[in-house]
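Source file query_28.cif; content: mmCIF, C-alpha atoms.
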```cif
data_coords
loop_
_atom_site.label_atom_id
_atom_site.label_comp_id
_atom_site.auth_asym_id
_atom_site.auth_seq_id
_atom_site.Cartn_x
_atom_site.Cartn_y
_atom_site.Cartn_z
CA MET T 299 -0.52 25.00 19.25
CA SER T 300 -2.39 27.78 17.42
CA ILE T 301 -6.17 27.93 17.44
CA VAL T 302 -7.63 28.54 13.96
CA ALA T 303 -9.86 31.39 15.23
CA HIS T 304 -6.70 33.32 16.15
CA LEU T 305 -5.16 33.00 12.68
CA TYR T 306 -7.81 34.48 10.39
CA SER T 307 -10.11 37.49 10.47
CA PHE T 308 -13.02 36.00 8.54
CA PHE T 309 -14.32 32.53 7.73
CA ILE T 310 -16.54 31.69 4.77
CA GLY T 311 -18.48 28.44 4.93
CA VAL T 312 -19.86 27.01 1.69
CA ASP T 313 -22.67 24.46 1.50
CA THR T 314 -22.23 23.06 -2.01
CA HIS T 315 -24.88 21.68 -4.36
CA ALA T 316 -25.24 20.85 -8.06
CA ARG T 317 -26.96 24.11 -9.07
CA ASN T 318 -26.28 26.61 -6.29
CA HIS T 319 -23.74 27.11 -3.51
CA VAL T 320 -24.74 28.83 -0.28
CA TYR T 321 -22.09 31.06 1.35
CA SER T 322 -21.95 32.36 4.92
CA ILE T 323 -19.35 34.79 6.24
CA VAL T 324 -18.58 34.78 9.96
CA THR T 325 -15.97 36.66 11.96
CA ASN T 326 -13.31 34.95 14.06
CA THR T 327 -15.62 35.43 17.05
CA GLY T 328 -18.42 33.50 15.34
CA ILE T 329 -20.62 36.50 14.45
CA LEU T 330 -22.55 36.08 11.20
CA VAL T 331 -21.82 38.82 8.65
CA GLU T 332 -24.05 37.73 5.77
CA THR T 333 -25.38 34.69 3.89
CA ARG T 334 -25.94 34.52 0.12
CA SER T 335 -26.60 31.95 -2.58
CA PHE T 336 -24.93 31.99 -6.01
CA PRO T 337 -25.13 29.68 -9.07
CA THR T 338 -22.38 27.11 -9.60
CA THR T 339 -21.52 28.54 -13.03
CA SER T 340 -18.23 30.34 -13.60
CA ALA T 341 -20.08 33.65 -13.62
CA GLY T 342 -21.84 32.74 -10.38
CA ILE T 343 -18.55 31.81 -8.69
CA LYS T 344 -16.98 35.10 -9.80
CA ARG T 345 -19.95 36.99 -8.35
CA ALA T 346 -19.54 35.06 -5.09
CA LEU T 347 -15.85 35.96 -4.87
CA THR T 348 -16.64 39.62 -5.56
CA TRP T 349 -19.38 39.57 -2.90
CA ALA T 350 -17.03 37.95 -0.39
CA GLY T 351 -14.32 40.51 -1.16
CA ARG T 352 -16.71 43.41 -0.49
CA ARG T 353 -18.02 41.93 2.78
CA THR T 354 -14.49 41.24 4.08
CA SER T 355 -12.99 44.52 2.78
CA GLY T 356 -10.78 42.58 0.38
CA ASP T 357 -8.97 40.88 3.26
CA LEU T 358 -7.05 37.83 1.94
CA ASP T 359 -6.65 36.79 5.56
CA THR T 360 -9.95 34.95 5.09
CA LEU T 361 -10.28 31.19 5.36
CA TRP T 362 -12.75 29.45 3.06
CA VAL T 363 -14.27 26.22 4.34
CA VAL T 364 -15.85 24.24 1.50
CA GLU T 365 -18.05 21.19 1.83
CA GLY T 366 -17.22 18.47 -0.71
CA ALA T 367 -14.02 20.10 -1.96
CA ALA T 368 -13.32 17.03 -4.12
CA SER T 369 -16.83 16.70 -5.58
CA TYR T 370 -19.50 19.41 -5.85
CA GLY T 371 -17.05 22.01 -4.52
CA ALA T 372 -14.05 21.04 -6.67
CA VAL T 373 -14.45 23.82 -9.27
CA LEU T 374 -15.17 26.40 -6.59
CA THR T 375 -12.09 25.30 -4.61
CA GLY T 376 -9.91 25.88 -7.67
CA HIS T 377 -11.30 29.38 -8.20
CA ILE T 378 -10.80 30.26 -4.53
CA ALA T 379 -7.17 29.10 -4.55
CA ALA T 380 -6.52 30.96 -7.81
CA ALA T 381 -7.87 34.14 -6.19
CA GLY T 382 -5.22 33.84 -3.46
CA TYR T 383 -7.40 32.70 -0.56
CA PRO T 384 -6.56 29.78 1.73
CA VAL T 385 -9.21 27.07 1.40
CA VAL T 386 -9.82 23.91 3.46
CA GLU T 387 -12.27 21.06 3.24
CA ALA T 388 -15.14 20.96 5.72
CA GLY T 389 -15.34 18.02 8.07
CA ARG T 390 -18.45 15.94 8.57
CA MET T 391 -21.28 17.75 10.24
CA ASP T 392 -22.55 16.08 13.41
CA ALA T 393 -26.26 15.33 13.04
CA LYS T 394 -26.68 15.59 16.82
CA ALA T 395 -25.69 19.24 16.67
CA ARG T 396 -28.79 19.94 14.55
CA HIS T 397 -31.17 18.29 16.97
CA GLY T 398 -33.81 20.80 18.05
CA VAL T 399 -32.30 23.47 15.79
CA GLY T 400 -33.35 22.37 12.32
CA LYS T 401 -31.60 22.25 8.99
CA SER T 402 -31.36 24.51 5.96
CA ASP T 403 -28.67 25.43 3.45
CA GLU T 404 -28.14 28.77 5.19
CA LEU T 405 -27.79 27.14 8.62
CA ASP T 406 -25.47 24.48 7.20
CA SER T 407 -23.15 27.00 5.56
CA ARG T 408 -22.90 28.93 8.82
CA ARG T 409 -22.16 25.73 10.76
CA ILE T 410 -19.49 24.83 8.20
CA ALA T 411 -17.77 28.19 8.68
CA ALA T 412 -17.97 28.02 12.48
CA SER T 413 -16.85 24.38 12.66
CA VAL T 414 -13.17 25.25 12.21
CA LEU T 415 -12.99 28.06 14.78
CA PRO T 416 -12.10 25.88 17.80
CA LEU T 417 -9.72 23.56 15.92
CA ASP T 418 -5.96 23.46 16.23
CA ALA T 419 -4.22 24.65 13.08
CA ASP T 420 -2.86 21.19 12.28
CA GLN T 421 -6.40 19.76 12.29
CA LEU T 422 -7.46 21.69 9.20
CA ARG T 423 -8.24 19.48 6.22
CA TRP T 424 -6.37 20.97 3.29
CA PRO T 425 -7.90 19.67 0.03
CA ARG T 426 -6.06 17.63 -2.55
CA HIS T 427 -4.47 19.61 -5.34
CA GLY T 428 -6.41 19.08 -8.54
CA GLU T 429 -4.02 20.25 -11.24
CA GLY T 430 -1.85 18.36 -13.67
CA VAL T 431 -0.82 14.76 -13.19
CA ARG T 432 -2.66 14.36 -9.89
CA GLN T 433 -6.02 15.23 -11.38
CA ALA T 434 -5.37 13.05 -14.43
CA LEU T 435 -4.56 10.09 -12.18
CA ARG T 436 -7.73 10.63 -10.17
CA VAL T 437 -9.79 10.58 -13.38
CA LEU T 438 -8.08 7.36 -14.54
CA LEU T 439 -8.52 5.68 -11.16
CA ALA T 440 -12.22 6.52 -11.08
CA ALA T 441 -12.62 5.25 -14.65
CA ARG T 442 -10.73 2.06 -13.80
CA ASP T 443 -12.93 1.39 -10.81
CA ALA T 444 -16.08 1.82 -12.93
CA MET T 445 -14.74 -0.41 -15.72
CA SER T 446 -13.64 -3.12 -13.27
CA THR T 447 -17.07 -3.13 -11.66
CA GLU T 448 -18.80 -3.37 -15.05
CA ARG T 449 -16.46 -6.16 -16.19
CA THR T 450 -17.15 -8.20 -13.04
CA ARG T 451 -20.89 -7.72 -13.53
CA ALA T 452 -20.68 -8.82 -17.18
CA ILE T 453 -18.64 -11.93 -16.33
CA ASN T 454 -21.06 -12.88 -13.55
CA SER T 455 -24.02 -12.44 -15.90
CA LEU T 456 -22.33 -14.50 -18.61
CA THR T 457 -21.44 -17.27 -16.17
CA ALA T 458 -24.98 -17.40 -14.81
CA LEU T 459 -26.38 -17.56 -18.35
CA VAL T 460 -24.22 -20.46 -19.59
CA ARG T 461 -24.84 -22.36 -16.35
CA THR T 462 -28.59 -21.91 -16.63
CA ILE T 463 -28.96 -22.72 -20.33
CA ASP T 464 -26.93 -25.42 -22.08
CA LEU T 465 -25.05 -23.62 -24.86
CA GLY T 466 -22.23 -26.13 -25.10
CA ILE T 467 -19.86 -24.47 -22.60
CA ASP T 468 -18.54 -26.26 -19.52
CA ALA T 469 -19.20 -23.62 -16.83
CA ARG T 470 -18.82 -25.78 -13.73
CA LYS T 471 -15.81 -23.65 -12.84
CA SER T 472 -15.18 -19.97 -13.46
CA LEU T 473 -15.04 -19.06 -17.13
CA THR T 474 -11.53 -18.84 -18.54
CA SER T 475 -10.34 -16.17 -20.94
CA ASP T 476 -10.23 -18.78 -23.71
CA GLN T 477 -13.89 -19.66 -23.10
CA VAL T 478 -14.88 -15.98 -23.22
CA ASP T 479 -12.99 -15.63 -26.53
CA GLU T 480 -14.78 -18.70 -27.88
CA ILE T 481 -18.21 -17.36 -26.92
CA ALA T 482 -17.46 -13.98 -28.51
CA LYS T 483 -16.73 -15.77 -31.83
CA TRP T 484 -20.01 -17.70 -31.90
CA ARG T 485 -22.33 -17.26 -34.84
CA THR T 486 -26.10 -17.30 -34.76
CA ARG T 487 -27.54 -20.76 -35.36
CA ASN T 488 -30.80 -22.25 -36.56
CA GLU T 489 -32.21 -23.30 -33.16
CA ASP T 490 -35.19 -22.73 -30.91
CA VAL T 491 -35.98 -19.16 -29.96
CA ASP T 492 -34.98 -19.62 -26.32
CA LEU T 493 -31.55 -20.98 -27.24
CA SER T 494 -30.95 -18.43 -30.00
CA THR T 495 -31.87 -15.55 -27.69
CA ALA T 496 -29.60 -16.88 -24.93
CA ARG T 497 -26.76 -17.36 -27.41
CA GLU T 498 -27.10 -13.80 -28.72
CA GLU T 499 -26.99 -12.45 -25.18
CA ALA T 500 -23.95 -14.60 -24.36
CA ILE T 501 -22.16 -13.27 -27.44
CA ARG T 502 -22.98 -9.68 -26.45
CA LEU T 503 -21.72 -10.19 -22.88
CA ALA T 504 -18.52 -11.91 -24.04
CA LYS T 505 -17.76 -9.11 -26.51
CA ARG T 506 -18.38 -6.56 -23.75
CA VAL T 507 -15.93 -8.36 -21.45
CA LEU T 508 -13.27 -8.36 -24.17
CA ALA T 509 -13.85 -4.66 -24.89
CA LEU T 510 -13.52 -3.84 -21.21
CA ASN T 511 -10.30 -5.88 -21.05
CA ASP T 512 -8.87 -3.70 -23.82
CA ASP T 513 -10.08 -0.52 -22.08
CA LEU T 514 -8.54 -1.62 -18.76
CA GLN T 515 -5.22 -2.35 -20.47
CA THR T 516 -5.25 1.09 -22.10
CA ASN T 517 -6.07 2.60 -18.72
CA HIS T 518 -3.18 0.68 -17.11
CA ASP T 519 -0.72 1.84 -19.78
CA ARG T 520 -1.78 5.46 -19.30
CA LEU T 521 -1.56 5.14 -15.52
CA THR T 522 1.98 3.80 -15.91
CA GLU T 523 3.00 6.73 -18.11
CA LEU T 524 1.62 9.32 -15.71
CA VAL T 525 3.03 7.70 -12.56
CA GLU T 526 6.48 7.46 -14.16
CA ALA T 527 6.24 11.19 -14.96
CA SER T 528 5.13 12.14 -11.43
CA PRO T 529 6.94 12.52 -8.08
CA ALA T 530 5.51 9.07 -7.22
CA ALA T 531 7.85 7.37 -9.72
CA PRO T 532 10.24 6.11 -6.97
CA LEU T 533 7.37 4.04 -5.56
CA LEU T 534 7.60 1.78 -8.60
CA ASP T 535 11.06 0.66 -7.42
CA GLU T 536 9.56 -0.75 -4.24
CA PRO T 537 8.75 -4.49 -4.20
CA GLY T 538 5.12 -5.25 -4.96
CA ILE T 539 4.09 -1.67 -5.85
CA GLY T 540 2.72 -1.33 -9.37
CA PRO T 541 1.32 1.66 -11.25
CA PHE T 542 -2.18 1.28 -9.79
CA SER T 543 -1.04 1.13 -6.15
CA ALA T 544 1.43 3.96 -6.71
CA ALA T 545 -1.29 6.13 -8.27
CA VAL T 546 -3.67 5.49 -5.36
CA CYS T 547 -0.97 6.37 -2.81
CA PHE T 548 0.03 9.51 -4.71
CA THR T 549 -3.49 10.88 -5.13
CA ALA T 550 -4.33 10.22 -1.46
CA TRP T 551 -1.13 11.93 -0.28
CA SER T 552 -1.65 14.73 -2.85
CA HIS T 553 1.09 17.22 -1.98
CA PRO T 554 3.62 18.16 0.74
CA GLY T 555 1.84 19.49 3.81
CA ARG T 556 -1.58 17.96 3.18
CA VAL T 557 -0.84 15.05 5.54
CA ARG T 558 1.05 16.45 8.50
CA ASN T 559 3.12 13.34 9.37
CA GLU T 560 3.46 9.64 8.67
CA ALA T 561 1.17 8.73 11.58
CA ALA T 562 -1.56 10.86 10.01
CA PHE T 563 -0.94 9.13 6.67
CA ALA T 564 -1.32 5.74 8.38
CA ALA T 565 -4.61 6.93 9.90
CA LEU T 566 -5.73 8.16 6.47
CA ALA T 567 -4.97 4.70 5.07
CA GLY T 568 -6.74 2.97 7.96
CA VAL T 569 -3.60 1.04 8.97
CA ASN T 570 -2.84 2.70 12.28
CA PRO T 571 -3.10 0.26 15.22
CA ILE T 572 -6.20 0.52 17.39
CA PRO T 573 -5.99 -0.81 21.00
CA ALA T 574 -8.07 -3.97 21.39
CA SER T 575 -6.92 -5.20 24.81
CA SER T 576 -9.04 -6.96 27.38
CA GLY T 577 -8.06 -8.47 30.73
CA ASN T 578 -4.66 -10.12 30.47
CA THR T 579 -4.65 -9.84 26.66
CA ARG T 580 -2.68 -6.97 25.19
CA ARG T 581 -3.14 -6.53 21.46
CA HIS T 582 -4.02 -4.10 18.68
CA ARG T 583 -6.21 -4.39 15.63
CA LEU T 584 -6.42 -2.58 12.31
CA ASN T 585 -8.41 0.60 11.94
CA ARG T 586 -11.50 -0.07 9.82
CA GLY T 587 -11.86 3.60 8.89
CA GLY T 588 -9.84 5.84 6.61
CA ASP T 589 -9.54 5.87 2.81
CA ARG T 590 -10.58 2.33 1.87
CA GLN T 591 -9.15 2.54 -1.65
CA LEU T 592 -5.75 3.47 -0.19
CA ASN T 593 -6.11 0.72 2.41
CA ARG T 594 -6.92 -1.81 -0.33
CA ALA T 595 -3.86 -0.72 -2.34
CA LEU T 596 -1.54 -1.24 0.64
CA HIS T 597 -3.18 -4.60 1.36
CA THR T 598 -2.59 -5.71 -2.25
CA VAL T 599 1.09 -4.76 -2.01
CA ILE T 600 1.55 -6.69 1.23
CA MET T 601 -0.18 -9.79 -0.13
CA ASN T 602 2.13 -9.63 -3.16
CA ARG T 603 5.20 -9.26 -0.96
CA MET T 604 4.19 -12.17 1.27
CA VAL T 605 4.39 -14.38 -1.83
CA HIS T 606 7.22 -12.89 -3.90
CA ASP T 607 9.44 -10.76 -1.63
CA GLU T 608 12.11 -12.72 0.27
CA ARG T 609 12.50 -10.18 3.10
CA THR T 610 8.76 -10.16 3.76
CA ARG T 611 8.60 -13.98 3.68
CA ASN T 612 11.45 -14.14 6.21
CA TYR T 613 9.65 -11.65 8.46
CA VAL T 614 6.48 -13.74 8.37
CA ALA T 615 8.42 -16.93 9.09
CA ARG T 616 10.10 -15.38 12.15
CA HIS T 617 6.95 -13.96 13.71
CA TYR T 618 4.19 -16.41 12.81
CA GLY T 619 3.34 -19.18 15.25
CA GLU T 620 1.41 -20.33 18.30
CA GLU T 621 3.87 -19.30 21.01
CA PRO T 622 2.96 -16.38 23.32
CA THR T 623 5.56 -14.17 21.63
CA LYS T 624 4.39 -15.05 18.14
CA LYS T 625 1.72 -13.27 16.08
CA SER T 626 -1.25 -14.35 14.00
CA LYS T 627 -1.27 -13.85 10.22
CA ARG T 628 -3.76 -11.01 10.68
CA GLU T 629 -1.47 -9.22 13.17
CA ILE T 630 1.51 -9.74 10.89
CA LYS T 631 -0.37 -8.16 7.98
CA ARG T 632 -1.33 -5.25 10.24
CA ASN T 633 2.32 -4.65 11.13
CA LEU T 634 3.46 -4.92 7.54
CA LYS T 635 0.82 -2.50 6.30
CA ARG T 636 1.86 -0.01 8.98
CA TYR T 637 5.52 -0.31 7.94
CA LEU T 638 4.53 0.10 4.29
CA ALA T 639 2.47 3.23 5.01
CA ARG T 640 5.49 4.77 6.75
CA ARG T 641 7.75 3.85 3.83
CA VAL T 642 5.37 5.26 1.22
CA TYR T 643 4.97 8.51 3.14
CA LYS T 644 8.74 8.93 3.47
CA ILE T 645 9.26 8.37 -0.26
CA LEU T 646 6.53 10.81 -1.25
CA ASN T 647 8.00 13.44 1.04
CA ALA T 648 11.53 12.74 -0.27
CA LEU T 649 12.85 11.92 3.21
CA ASP T 650 15.44 9.37 4.18
CA THR T 651 14.43 5.75 4.02
CA VAL T 652 13.19 3.98 7.12
CA PRO T 653 14.17 0.54 8.37
CA GLN T 654 12.09 -2.35 7.15
CA PRO T 655 10.52 -4.80 9.61
CA ALA T 656 13.06 -7.08 11.24
#
```

Turn this file's structure into structure tokens for me.
Amino acid sequence: MSIVAHLYSFFIGVDTHARNHVYSIVTNTGILVETRSFPTTSAGIKRALTWAGRRTSGDLDTLWVVEGAASYGAVLTGHIAAAGYPVVEAGRMDAKARHGVGKSDELDSRRIAASVLPLDADQLRWPRHGEGVRQALRVLLAARDAMSTERTRAINSLTALVRTIDLGIDARKSLTSDQVDEIAKWRTRNEDVDLSTAREEAIRLAKRVLALNDDLQTNHDRLTELVEASPAAPLLDEPGIGPFSAAVCFTAWSHPGRVRNEAAFAALAGVNPIPASSGNTRRHRLNRGGDRQLNRALHTVIMNRMVHDERTRNYVARHYGEEPTKKSKREIKRNLKRYLARRVYKILNALDTVPQPA
């Protein structure tokens, strides 16, 4: 296994912010060359690349380590890659390492650069590719998450309103789509100010819910188009996997080589088994870490399969029970999610299929 410090001559750590990025150049022995700050504008990034080229004698054998490569450092990461440099995402900085040393942007950028020196090469965190379909899907997924959150908030507010004030709607149960449509069609009435104000607010909330429904449908249609045009299209042939789940899996996986193997993909999804044994009990539990959006997508697929997929239902029937050799529903879901993560990874990497749970 190769140590990262043996593979590159220079390392540039970048502490990213909204207005300025702070850059530190260190050698492969950890010696600081120089630290500078540049604006986050295109001109500022070009100046930073020119400065880095001068300080490293134009050596492309320089590894850039960028904090927040998918957020504040996303634009910078694209410029670095376009310039021909290898670039990786910085891991989390350990707060304990700063104890008694202090914190500043300059110190952080140097720590970021030095943090990769002792790592094995396969531990580097290569950032997601941001071009084309992948980036478009990420934008749509983020927009969908925001719209879904706003829609839930609007429905909750509308439900609370019609339960608190009698506007002629039976809200003992959750509001149906027909009830929301009915509220949106209400007209103002000649009634007391408290009722008229509540009715106006109910109409506004109902119309907002309907508008968000239309926006979410448009988002879903666009997601479907992009997924069908991407390498993730074969995922749609798998039972229970729809455009949303396929898009989440594809954007998390990103590109060949980002996730080194299917076990790493399972860890990324938070579905790798974690030992949870004690005494005479030998068992595993699910990992509660990883990419929670990816984990939620796999969970949704499994829940769908447990209802609609015959093979999955047969698997559950064979393994569920109270006998010592049987498993709980939670353990069965853990196994199924692990199998699904392996299957998704194999499809995305265009490898042979793997056996399903038996």

(Q) Rounded to one decimal, what separation in Å do you get between atom CA of Ile410 of chain T and atom CA of Ala388 of chain T? (A) 6.3 Å

Q) Hey, what's within 10 Å of segment 547-559 of chain T if we count all atoms listed in the file and toss same-chain stuff fewer than 5 positions away? As a count of residues only, please? A) 43

Q: Could you check which of T:Val507, T:Arg497, T:Thr375, T:Ala452 is closest to Asp479 of chain T, using all atoms listed in the file?
A: T:Val507

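With all atoms listed in the file as the basis for measurement, T:Leu438 is the residue among T:Ala419, T:Ala458, T:Val605, T:Leu438 that approaches Leu524 of chain T most closely.
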
Q: Apply the PyMOL selection byres ((chain T and resi 480) around 12) to the displayed file and report the matching residues as a list in words.
A: Leu465, Gly466, Ile467, Asp468, Leu473, Thr474, Ser475, Asp476, Gln477, Val478, Asp479, Ile481, Ala482, Lys483, Trp484, Arg485, Ala500, Ile501, Ala504, Lys505 and Leu508 of chain T

Q | Pick from T:Ala412, T:Val385, T:Ala496, T:Met601 nearest to Asn326 of chain T, counting only C-alpha atoms | A |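 Closest residue, counting only C-alpha atoms: T:Ala412.
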
Q) Using only C-alpha atoms, which residue out of T:Leu415, T:Leu361, T:Val320, T:Ala380 lies closest to Asp403 of chain T? A) T:Val320

Q: Tell me, in Å to one decimal, how far atom CA of Asp464 of chain T is from atom CA of Leu503 of chain T.
A: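 Separation between atom CA of Asp464 of chain T and atom CA of Leu503 of chain T: 16.1 Å.
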
Q. Could you state the separation of atom CA of Thr486 of chain T and atom CA of Glu498 of chain T in Å, given to one decimal place?
A.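 Here the two named atoms are 7.1 Å from each other.
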
Q | Nearest-residue call for His304 of chain T, choices T:His617, T:Thr325, T:Ser494, T:Ala469, using all atoms listed in the file | A |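 Nearest candidate to His304 of chain T out of T:His617, T:Thr325, T:Ser494, T:Ala469: T:Thr325.
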
Q) Quick one: which residues end up in the PyMOL selection byres ((chain T and resi 347) around 12) for this structure, as a count of residues only? A) 39

Let me have the centre and edge lengths in Å, one decimal, of the box along x, y and z around every listed atom of segment 555-573 of chain T with 4 Å of margin on each side, as JSON.
```
{"center_x": -1.6, "center_y": 9.3, "center_z": 12.1, "size_x": 18.2, "size_y": 28.3, "size_z": 25.8}
```

Q. Exactly which residues make up the result of the PyMOL selection byres ((chain T and resi 634) around 10) on this file, given as a PyMOL selection string?
A. chain T and resi 569+596-597+599-601+603-604+610+613-614+628-633+635-640+654-655

Q: List the neighbours of Asp418 of chain T out to 12 Å using all atoms listed in the file; skip same-chain residues closer than 5 positions along the sequence, and give me the result as a list of chain:residue names.
A: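 With the cut-off at 12 Å, the set is T:Met299, T:Ser300, T:Ile301, T:Val302, T:Ala303, T:His304, T:Leu305, T:Ser413, T:Arg423.
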
Q | Selected residue, from T:Arg470, T:Phe308, T:Ile645, T:Thr462, that lies nearest to Pro532 of chain T when counting all atoms listed in the file | A |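 Under the stated criterion, the closest residue is T:Ile645.
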